[in-house]
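To be precise, the following lines are upload35.cif, and they hold mmCIF, C-alpha atoms.
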```
data_target
loop_
_atom_site.label_atom_id
_atom_site.label_comp_id
_atom_site.auth_asym_id
_atom_site.auth_seq_id
_atom_site.Cartn_x
_atom_site.Cartn_y
_atom_site.Cartn_z
CA MET O 1 93.34 -15.33 18.74
CA ASN O 2 95.70 -12.72 17.40
CA LEU O 3 98.67 -14.34 15.65
CA PHE O 4 101.03 -12.05 17.53
CA GLN O 5 99.47 -12.46 20.96
CA GLN O 6 102.13 -13.28 23.52
CA ASN O 7 101.55 -16.56 25.29
CA HIS O 8 103.56 -17.58 28.32
CA CYS O 9 104.94 -21.08 28.85
CA LEU O 10 102.93 -22.87 31.53
CA ILE O 11 106.14 -24.32 32.98
CA CYS O 12 108.87 -21.65 32.89
CA HIS O 13 106.49 -18.68 32.28
CA GLU O 14 108.74 -17.22 29.59
CA ILE O 15 107.09 -15.71 26.50
CA ILE O 16 106.48 -18.20 23.72
CA LEU O 17 107.58 -16.60 20.48
CA PRO O 18 105.00 -17.18 17.74
CA ASP O 19 105.79 -18.85 14.44
CA VAL O 20 105.18 -16.11 11.88
CA GLY O 21 106.29 -17.96 8.76
CA TRP O 22 104.09 -18.60 5.73
CA ARG O 23 103.22 -22.10 6.96
CA ALA O 24 101.85 -20.64 10.20
CA LEU O 25 99.78 -18.07 8.32
CA PHE O 26 97.94 -20.70 6.29
CA SER O 27 97.70 -23.55 8.82
CA VAL O 28 95.09 -24.25 11.45
CA GLU O 29 96.21 -22.44 14.54
CA LYS O 30 97.17 -24.62 17.50
CA GLU O 31 97.59 -23.18 20.96
CA GLN O 32 101.11 -23.47 22.29
CA LEU O 33 101.16 -24.23 26.00
CA ILE O 34 104.88 -24.68 26.60
CA CYS O 35 108.01 -23.29 25.02
CA VAL O 36 110.36 -25.28 22.82
CA GLU O 37 113.06 -25.33 25.51
CA CYS O 38 110.77 -26.90 28.13
CA GLU O 39 109.37 -29.40 25.66
CA ARG O 40 112.90 -30.51 24.78
CA LYS O 41 113.59 -31.22 28.45
CA PHE O 42 110.89 -33.91 28.49
CA GLU O 43 112.72 -37.17 27.78
CA LYS O 44 110.42 -39.30 25.66
CA ILE O 45 110.54 -43.05 26.06
CA ASP O 46 111.72 -44.78 22.93
CA GLY O 47 113.65 -47.80 21.73
CA GLU O 48 113.12 -51.31 23.10
CA THR O 49 111.03 -51.32 26.26
CA CYS O 50 109.63 -53.85 28.71
CA ARG O 51 106.46 -55.18 27.11
CA ILE O 52 104.45 -54.62 30.28
CA CYS O 53 105.73 -51.56 32.15
CA ASN O 54 107.33 -49.63 29.24
CA ARG O 55 110.70 -49.33 31.01
CA PRO O 56 113.49 -48.71 28.47
CA LEU O 57 115.53 -51.90 28.38
CA HIS O 58 118.65 -50.20 27.05
CA LEU O 59 118.95 -48.41 30.41
CA LEU O 60 119.14 -51.74 32.26
CA ASP O 61 122.10 -54.03 32.82
CA ALA O 62 121.47 -57.40 31.16
CA LYS O 63 121.12 -59.07 34.57
CA PHE O 64 118.05 -56.90 35.30
CA ARG O 65 116.02 -58.06 32.31
CA ASP O 66 114.48 -61.36 31.29
CA ASP O 67 113.93 -61.48 27.53
CA ASP O 68 111.31 -58.75 26.80
CA LEU O 69 110.53 -58.07 30.48
CA CYS O 70 112.38 -56.01 33.04
CA HIS O 71 113.22 -57.98 36.16
CA ASP O 72 110.49 -56.24 38.18
CA CYS O 73 107.74 -57.29 35.75
CA PHE O 74 109.28 -60.76 35.50
CA ARG O 75 108.85 -61.09 39.27
CA TRP O 76 105.29 -59.72 39.17
CA GLU O 77 104.36 -62.21 36.46
CA GLY O 78 106.06 -65.02 38.36
CA ASP O 79 103.73 -64.45 41.32
CA GLU O 80 100.43 -66.30 40.91
CA GLU O 81 98.68 -63.65 42.98
CA TRP O 82 99.52 -60.92 40.44
CA ARG O 83 100.11 -62.63 37.11
CA GLY O 84 98.23 -61.35 34.07
CA TYR O 85 96.25 -58.50 35.60
CA LEU O 86 98.01 -55.54 33.97
CA THR O 87 98.44 -56.11 30.25
CA LYS O 88 100.51 -53.05 29.46
CA ASN O 89 101.47 -49.66 30.81
CA THR O 90 102.49 -46.84 28.48
CA SER O 91 104.34 -43.88 29.95
CA LEU O 92 104.98 -40.58 28.21
CA PHE O 93 108.34 -39.58 29.66
CA LEU O 94 111.27 -40.73 31.78
CA TYR O 95 111.06 -39.58 35.39
CA TYR O 96 114.20 -37.44 35.47
CA ASP O 97 114.98 -34.23 37.36
CA PHE O 98 113.13 -31.73 35.16
CA LEU O 99 109.95 -33.81 35.02
CA LYS O 100 110.17 -34.58 38.74
CA GLU O 101 110.02 -30.86 39.48
CA VAL O 102 107.14 -30.25 37.06
CA ILE O 103 105.13 -33.15 38.52
CA ALA O 104 105.84 -31.95 42.06
CA LYS O 105 104.31 -28.57 41.15
CA PHE O 106 101.33 -30.30 39.57
CA LYS O 107 100.77 -32.96 42.21
CA PHE O 108 101.84 -31.50 45.54
CA ARG O 109 101.74 -27.72 45.05
CA GLY O 110 98.33 -27.50 43.43
CA ASP O 111 99.38 -26.13 40.04
CA TYR O 112 96.32 -27.48 38.22
CA VAL O 113 97.08 -25.69 34.95
CA LEU O 114 99.94 -28.14 34.31
CA ALA O 115 97.29 -30.79 33.63
CA LYS O 116 96.81 -29.05 30.30
CA VAL O 117 100.46 -29.69 29.39
CA PHE O 118 100.37 -33.44 29.99
CA ALA O 119 96.81 -33.81 28.66
CA MET O 120 98.03 -32.88 25.16
CA TYR O 121 100.14 -36.03 25.10
CA VAL O 122 97.60 -38.24 26.88
CA LYS O 123 94.94 -37.38 24.32
CA VAL O 124 97.14 -38.43 21.39
CA LEU O 125 98.10 -41.68 23.09
CA ALA O 126 94.54 -42.54 24.12
CA ALA O 127 93.28 -42.03 20.56
CA ASN O 128 95.29 -45.08 19.49
CA MET O 129 94.08 -47.37 22.26
CA LYS O 130 91.06 -49.65 22.32
CA ALA O 131 89.22 -48.61 25.45
CA ASP O 132 85.65 -48.79 26.68
CA LEU O 133 86.42 -46.86 29.85
CA PHE O 134 89.14 -44.48 31.05
CA VAL O 135 89.48 -44.85 34.81
CA PRO O 136 91.50 -42.35 36.88
CA ILE O 137 93.39 -43.76 39.84
CA PRO O 138 91.56 -42.21 42.79
CA LEU O 139 92.89 -40.46 45.88
CA SER O 140 91.62 -41.13 49.36
CA GLU O 141 89.44 -38.39 50.82
CA GLU O 142 92.35 -37.29 53.01
CA ARG O 143 94.79 -37.00 50.07
CA LEU O 144 92.18 -35.24 47.95
CA TYR O 145 91.68 -32.68 50.71
CA GLU O 146 95.46 -32.14 50.97
CA ARG O 147 96.03 -31.68 47.23
CA GLY O 148 92.80 -29.98 46.21
CA PHE O 149 92.19 -32.11 43.12
CA ASN O 150 92.84 -35.57 41.71
CA GLN O 151 95.68 -35.24 39.20
CA ALA O 152 94.62 -38.34 37.22
CA ALA O 153 91.05 -37.07 36.83
CA ALA O 154 92.43 -33.66 35.83
CA LEU O 155 94.45 -35.25 33.01
CA LEU O 156 91.32 -36.86 31.59
CA ARG O 157 89.25 -33.69 31.96
CA GLU O 158 91.81 -31.56 30.15
CA ALA O 159 92.22 -34.20 27.44
CA ASP O 160 88.44 -34.15 26.84
CA LEU O 161 88.22 -37.84 27.70
CA PRO O 162 85.31 -39.19 29.79
CA ALA O 163 86.41 -40.25 33.25
CA ALA O 164 84.75 -43.36 34.66
CA SER O 165 85.23 -42.77 38.39
CA ILE O 166 84.37 -46.31 39.42
CA LEU O 167 87.17 -46.79 41.96
CA THR O 168 87.48 -45.42 45.47
CA ARG O 169 90.58 -45.61 47.60
CA VAL O 170 91.21 -46.66 51.17
CA HIS O 171 93.36 -44.12 53.01
CA SER O 172 96.87 -45.35 53.80
CA GLU O 173 100.41 -44.06 54.28
CA LYS O 174 101.89 -42.47 51.15
CA GLN O 175 103.12 -45.07 48.65
CA SER O 176 106.40 -43.17 48.22
CA LYS O 177 107.26 -43.98 51.84
CA LYS O 178 106.87 -47.73 51.35
CA SER O 179 109.44 -50.22 50.12
CA ARG O 180 108.75 -52.36 47.06
CA SER O 181 108.04 -55.37 49.29
CA GLU O 182 105.61 -53.35 51.43
CA ARG O 183 103.75 -52.13 48.34
CA ILE O 184 103.42 -55.63 46.92
CA HIS O 185 102.04 -57.08 50.13
CA LEU O 186 99.55 -54.33 50.87
CA PRO O 187 95.94 -55.45 51.25
CA GLN O 188 93.65 -54.27 48.44
CA VAL O 189 93.69 -50.47 48.51
CA PHE O 190 90.73 -49.91 46.16
CA ASN O 191 87.00 -50.54 46.20
CA LEU O 192 84.66 -50.74 43.21
CA THR O 193 81.61 -48.47 43.25
CA PRO O 194 78.27 -50.37 43.36
CA GLU O 195 77.05 -48.94 40.04
CA ALA O 196 80.17 -49.97 38.08
CA ASP O 197 79.33 -52.02 34.97
CA ILE O 198 82.61 -53.41 33.65
CA GLU O 199 81.74 -56.93 32.51
CA GLY O 200 83.63 -57.59 29.27
CA LYS O 201 85.04 -54.04 29.17
CA ARG O 202 88.49 -52.89 28.08
CA ILE O 203 89.77 -50.43 30.63
CA VAL O 204 92.62 -47.90 30.55
CA LEU O 205 93.81 -46.66 33.95
CA ILE O 206 95.25 -43.15 34.21
CA ASP O 207 97.89 -42.10 36.76
CA ASP O 208 100.80 -39.71 37.05
CA ILE O 209 103.81 -41.94 37.80
CA TYR O 210 104.64 -45.63 37.35
CA THR O 211 107.12 -46.66 40.05
CA THR O 212 106.88 -50.28 41.21
CA GLY O 213 103.56 -50.87 39.44
CA SER O 214 101.85 -51.80 42.70
CA THR O 215 99.11 -49.15 42.53
CA LEU O 216 98.14 -49.99 38.96
CA ARG O 217 98.21 -53.73 39.61
CA HIS O 218 95.97 -53.40 42.67
CA ALA O 219 93.44 -51.53 40.55
CA ALA O 220 93.82 -53.92 37.62
CA LYS O 221 93.35 -56.96 39.84
CA LEU O 222 90.11 -55.61 41.31
CA LEU O 223 88.75 -54.70 37.87
CA LYS O 224 89.75 -57.99 36.25
CA GLN O 225 88.17 -59.99 39.08
CA ALA O 226 84.98 -57.94 38.58
CA GLY O 227 84.75 -58.94 34.92
CA ALA O 228 86.90 -56.56 32.84
CA ILE O 229 88.68 -58.39 30.02
CA ASN O 230 91.73 -56.19 29.54
CA ILE O 231 93.50 -53.59 31.66
CA GLU O 232 96.08 -51.17 30.31
CA SER O 233 97.36 -47.93 31.75
CA ILE O 234 98.74 -44.54 30.79
CA THR O 235 101.09 -42.65 33.09
CA VAL O 236 102.91 -39.39 32.60
CA ALA O 237 106.21 -40.68 33.95
CA ARG O 238 108.14 -43.93 34.24
#
```

Rewrite the coordinates I just gave you, this time as structure tokens.
Amino acid sequence: MNLFQQNHCLICHEIILPDVGWRALFSVEKEQLICVECERKFEKIDGETCRICNRPLHLLDAKFRDDDLCHDCFRWEGDEEWRGYLTKNTSLFLYYDFLKEVIAKFKFRGDYVLAKVFAMYVKVLAANMKADLFVPIPLSEERLYERGFNQAAALLREADLPAASILTRVHSEKQSKKSRSERIHLPQVFNLTPEADIEGKRIVLIDDIYTTGSTLRHAAKLLKQAGAINIESITVAR
């Protein structure tokens, strides 16, 4: 690619100005997908976080945390029906206004190309995880028809990671319309495909947003009960 070719940011569509310094001339060229300004607007998760869901603990009042767990995860782990299924979730960014808009374009308005933006970060994170299988959280047939593609599978595809599509989903009302209590007490929303071989496997689930953790825990529970030994997850937002 020509060093001076003008690329456009996949988010704001402004021209990305190339780095034309000596370092750029003698380094391996890396495609820039987003501009510096948009990248700065992503709020990375850092500092002390909940050891399960990755929620930043410094953003919580002391009464909403229990040692190294946020209160939500403390309640999940205090429920015998859900304890121990999800080992750890790692999210890339905080789910604030800028990211909410970007994910809305990606998820609900069919802007598939944005998968390339998030996949850059997913690939780096996945490289440091012990995983036998990367499993995208599936959509029901109805949701897949509405959206045109599965955003979790798109993240894996663009990150050049093999997707083990071993889960199918029962169609239900959108999770965003349900309260936390309703999400927790849903019947199992996933099925395991007959050919799935997960005995003794370490599995990493992929999804776009961690909210209450219900979706990921439903998937983790099914996989653990079918023989997987460890379930972690990667999400774009928390």

- request: Evaluate the PyMOL selection byres ((chain O and resi 207) around 9) on the structure here and hand back the selected residues as a VMD selection string.
  value: chain O and resid 136 to 138 151 to 153 155 205 to 206 208 to 210 216 233 to 237

query: For this file, the PyMOL selection byres ((chain O and resi 39-48) around 9) selects which residues, as an MDAnalysis selection string?
result: chainID O and resid 34:38 49:51 54:58 68 91:96 98:99 238

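Here atom CA of Leu161 of chain O stands at a distance of 27.1 Å from atom CA of Ile16 of chain O.
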
- prompt: When the PyMOL selection byres ((chain O and resi 108) around 12) is applied to the file above, which residues end up in the set, as a VMD selection string?
  reply: chain O and resid 100 to 107 109 to 112 114 143 to 151 208

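A distance cut-off of 8 Å around (81.9, -49.4, 38.2), counting all atoms listed in the file, selects these protein and nucleic acid residues: Ala164, Ser165, Ile166, Leu167, Leu192, Thr193, Pro194, Glu195, Ala196, Asp197 and Ile198 of chain O.
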
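The two atoms in question, atom CA of Leu156 of chain O and atom CA of Met129 of chain O, are spaced 14.3 Å apart.
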
task: Using atom CA of Leu139 of chain O and atom CA of Val170 of chain O as the two end points, give the distance in Å to one decimal.
output: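 Distance between the two atoms: 8.3 Å.
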
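The shortest atom-to-atom distance to Asn128 of chain O, with only C-alpha atoms taken into account, belongs to O:Thr90 out of O:His218, O:Cys70, O:Thr90, O:Thr212.
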
Residues within 9 Å of Lys116 of chain O, only C-alpha atoms, excluding chain neighbours under 6 positions, as a list in words: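 In the requested format, the answer is Leu10, Leu33, Ala154, Leu155, Glu158 and Ala159 of chain O.
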
Store the residues picked out above, limited to C-alpha atoms, as an mmCIF file, in the coordinates of the input.
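Heads up, here's the output in selection31.cif:
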```cif
data_model
loop_
_atom_site.group_PDB
_atom_site.id
_atom_site.type_symbol
_atom_site.label_atom_id
_atom_site.label_comp_id
_atom_site.auth_asym_id
_atom_site.auth_seq_id
_atom_site.Cartn_x
_atom_site.Cartn_y
_atom_site.Cartn_z
ATOM 1 C CA LEU O 10 102.930 -22.870 31.530
ATOM 2 C CA LEU O 33 101.160 -24.230 26.000
ATOM 3 C CA ALA O 154 92.430 -33.660 35.830
ATOM 4 C CA LEU O 155 94.450 -35.250 33.010
ATOM 5 C CA GLU O 158 91.810 -31.560 30.150
ATOM 6 C CA ALA O 159 92.220 -34.200 27.440
#
```

Spatial neighbours of Glu232 of chain O, 7 Å, only C-alpha atoms, chain gap at least 6 places, as JSON, numbers by chain: {"O": [86, 87, 88, 89, 203, 204, 205]}

- request: Between O:Ile52, O:Phe134, O:Asn191, O:Glu142, single out the one closest to Arg83 of chain O, counting all atoms listed in the file.
  value: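 The closest residue to Arg83 of chain O is O:Ile52.
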
Completion of segment 221-238 of chain O up to N, CA, C and O atoms, as a short mmCIF file (atom, residue, chain, number, x, y, z; two decimals), in the coordinates of the input:
```cif
data_model
loop_
_atom_site.label_atom_id
_atom_site.label_comp_id
_atom_site.auth_asym_id
_atom_site.auth_seq_id
_atom_site.Cartn_x
_atom_site.Cartn_y
_atom_site.Cartn_z
N LYS O 221 93.81 -55.69 39.25
CA LYS O 221 93.35 -56.96 39.84
C LYS O 221 91.87 -56.87 40.23
O LYS O 221 91.08 -57.77 39.93
N LEU O 222 91.50 -55.79 40.89
CA LEU O 222 90.11 -55.61 41.31
C LEU O 222 89.18 -55.57 40.10
O LEU O 222 88.12 -56.21 40.08
N LEU O 223 89.58 -54.84 39.07
CA LEU O 223 88.75 -54.70 37.87
C LEU O 223 88.65 -56.01 37.09
O LEU O 223 87.57 -56.37 36.59
N LYS O 224 89.76 -56.72 36.97
CA LYS O 224 89.75 -57.99 36.25
C LYS O 224 88.86 -59.00 36.98
O LYS O 224 88.08 -59.74 36.35
N GLN O 225 88.97 -59.05 38.30
CA GLN O 225 88.17 -59.99 39.08
C GLN O 225 86.68 -59.64 39.02
O GLN O 225 85.84 -60.50 39.25
N ALA O 226 86.38 -58.37 38.68
CA ALA O 226 84.98 -57.94 38.58
C ALA O 226 84.43 -58.10 37.16
O ALA O 226 83.30 -57.71 36.91
N GLY O 227 85.27 -58.63 36.24
CA GLY O 227 84.75 -58.94 34.92
C GLY O 227 85.36 -58.22 33.74
O GLY O 227 85.03 -58.52 32.59
N ALA O 228 86.24 -57.24 33.96
CA ALA O 228 86.90 -56.56 32.84
C ALA O 228 87.78 -57.57 32.11
O ALA O 228 88.35 -58.48 32.71
N ILE O 229 87.91 -57.40 30.79
CA ILE O 229 88.68 -58.39 30.02
C ILE O 229 90.10 -57.94 29.72
O ILE O 229 90.96 -58.78 29.42
N ASN O 230 90.37 -56.66 29.82
CA ASN O 230 91.73 -56.19 29.54
C ASN O 230 91.98 -54.88 30.27
O ASN O 230 91.15 -53.98 30.25
N ILE O 231 93.15 -54.80 30.91
CA ILE O 231 93.50 -53.59 31.66
C ILE O 231 94.85 -53.08 31.17
O ILE O 231 95.86 -53.77 31.24
N GLU O 232 94.85 -51.86 30.65
CA GLU O 232 96.08 -51.17 30.31
C GLU O 232 96.15 -49.89 31.13
O GLU O 232 95.19 -49.54 31.83
N SER O 233 97.25 -49.18 31.01
CA SER O 233 97.36 -47.93 31.75
C SER O 233 98.21 -46.92 30.99
O SER O 233 99.04 -47.28 30.16
N ILE O 234 97.93 -45.66 31.29
CA ILE O 234 98.74 -44.54 30.79
C ILE O 234 99.23 -43.78 32.00
O ILE O 234 98.45 -43.44 32.89
N THR O 235 100.54 -43.52 32.04
CA THR O 235 101.09 -42.65 33.09
C THR O 235 101.94 -41.58 32.44
O THR O 235 102.48 -41.77 31.35
N VAL O 236 102.08 -40.48 33.11
CA VAL O 236 102.91 -39.39 32.60
C VAL O 236 104.37 -39.80 32.63
O VAL O 236 105.12 -39.59 31.67
N ALA O 237 104.79 -40.40 33.74
CA ALA O 237 106.21 -40.68 33.95
C ALA O 237 106.47 -42.15 34.28
O ALA O 237 105.64 -42.84 34.83
N ARG O 238 107.68 -42.57 33.91
CA ARG O 238 108.14 -43.93 34.24
C ARG O 238 109.58 -43.83 34.72
O ARG O 238 110.41 -43.28 34.01
#
```
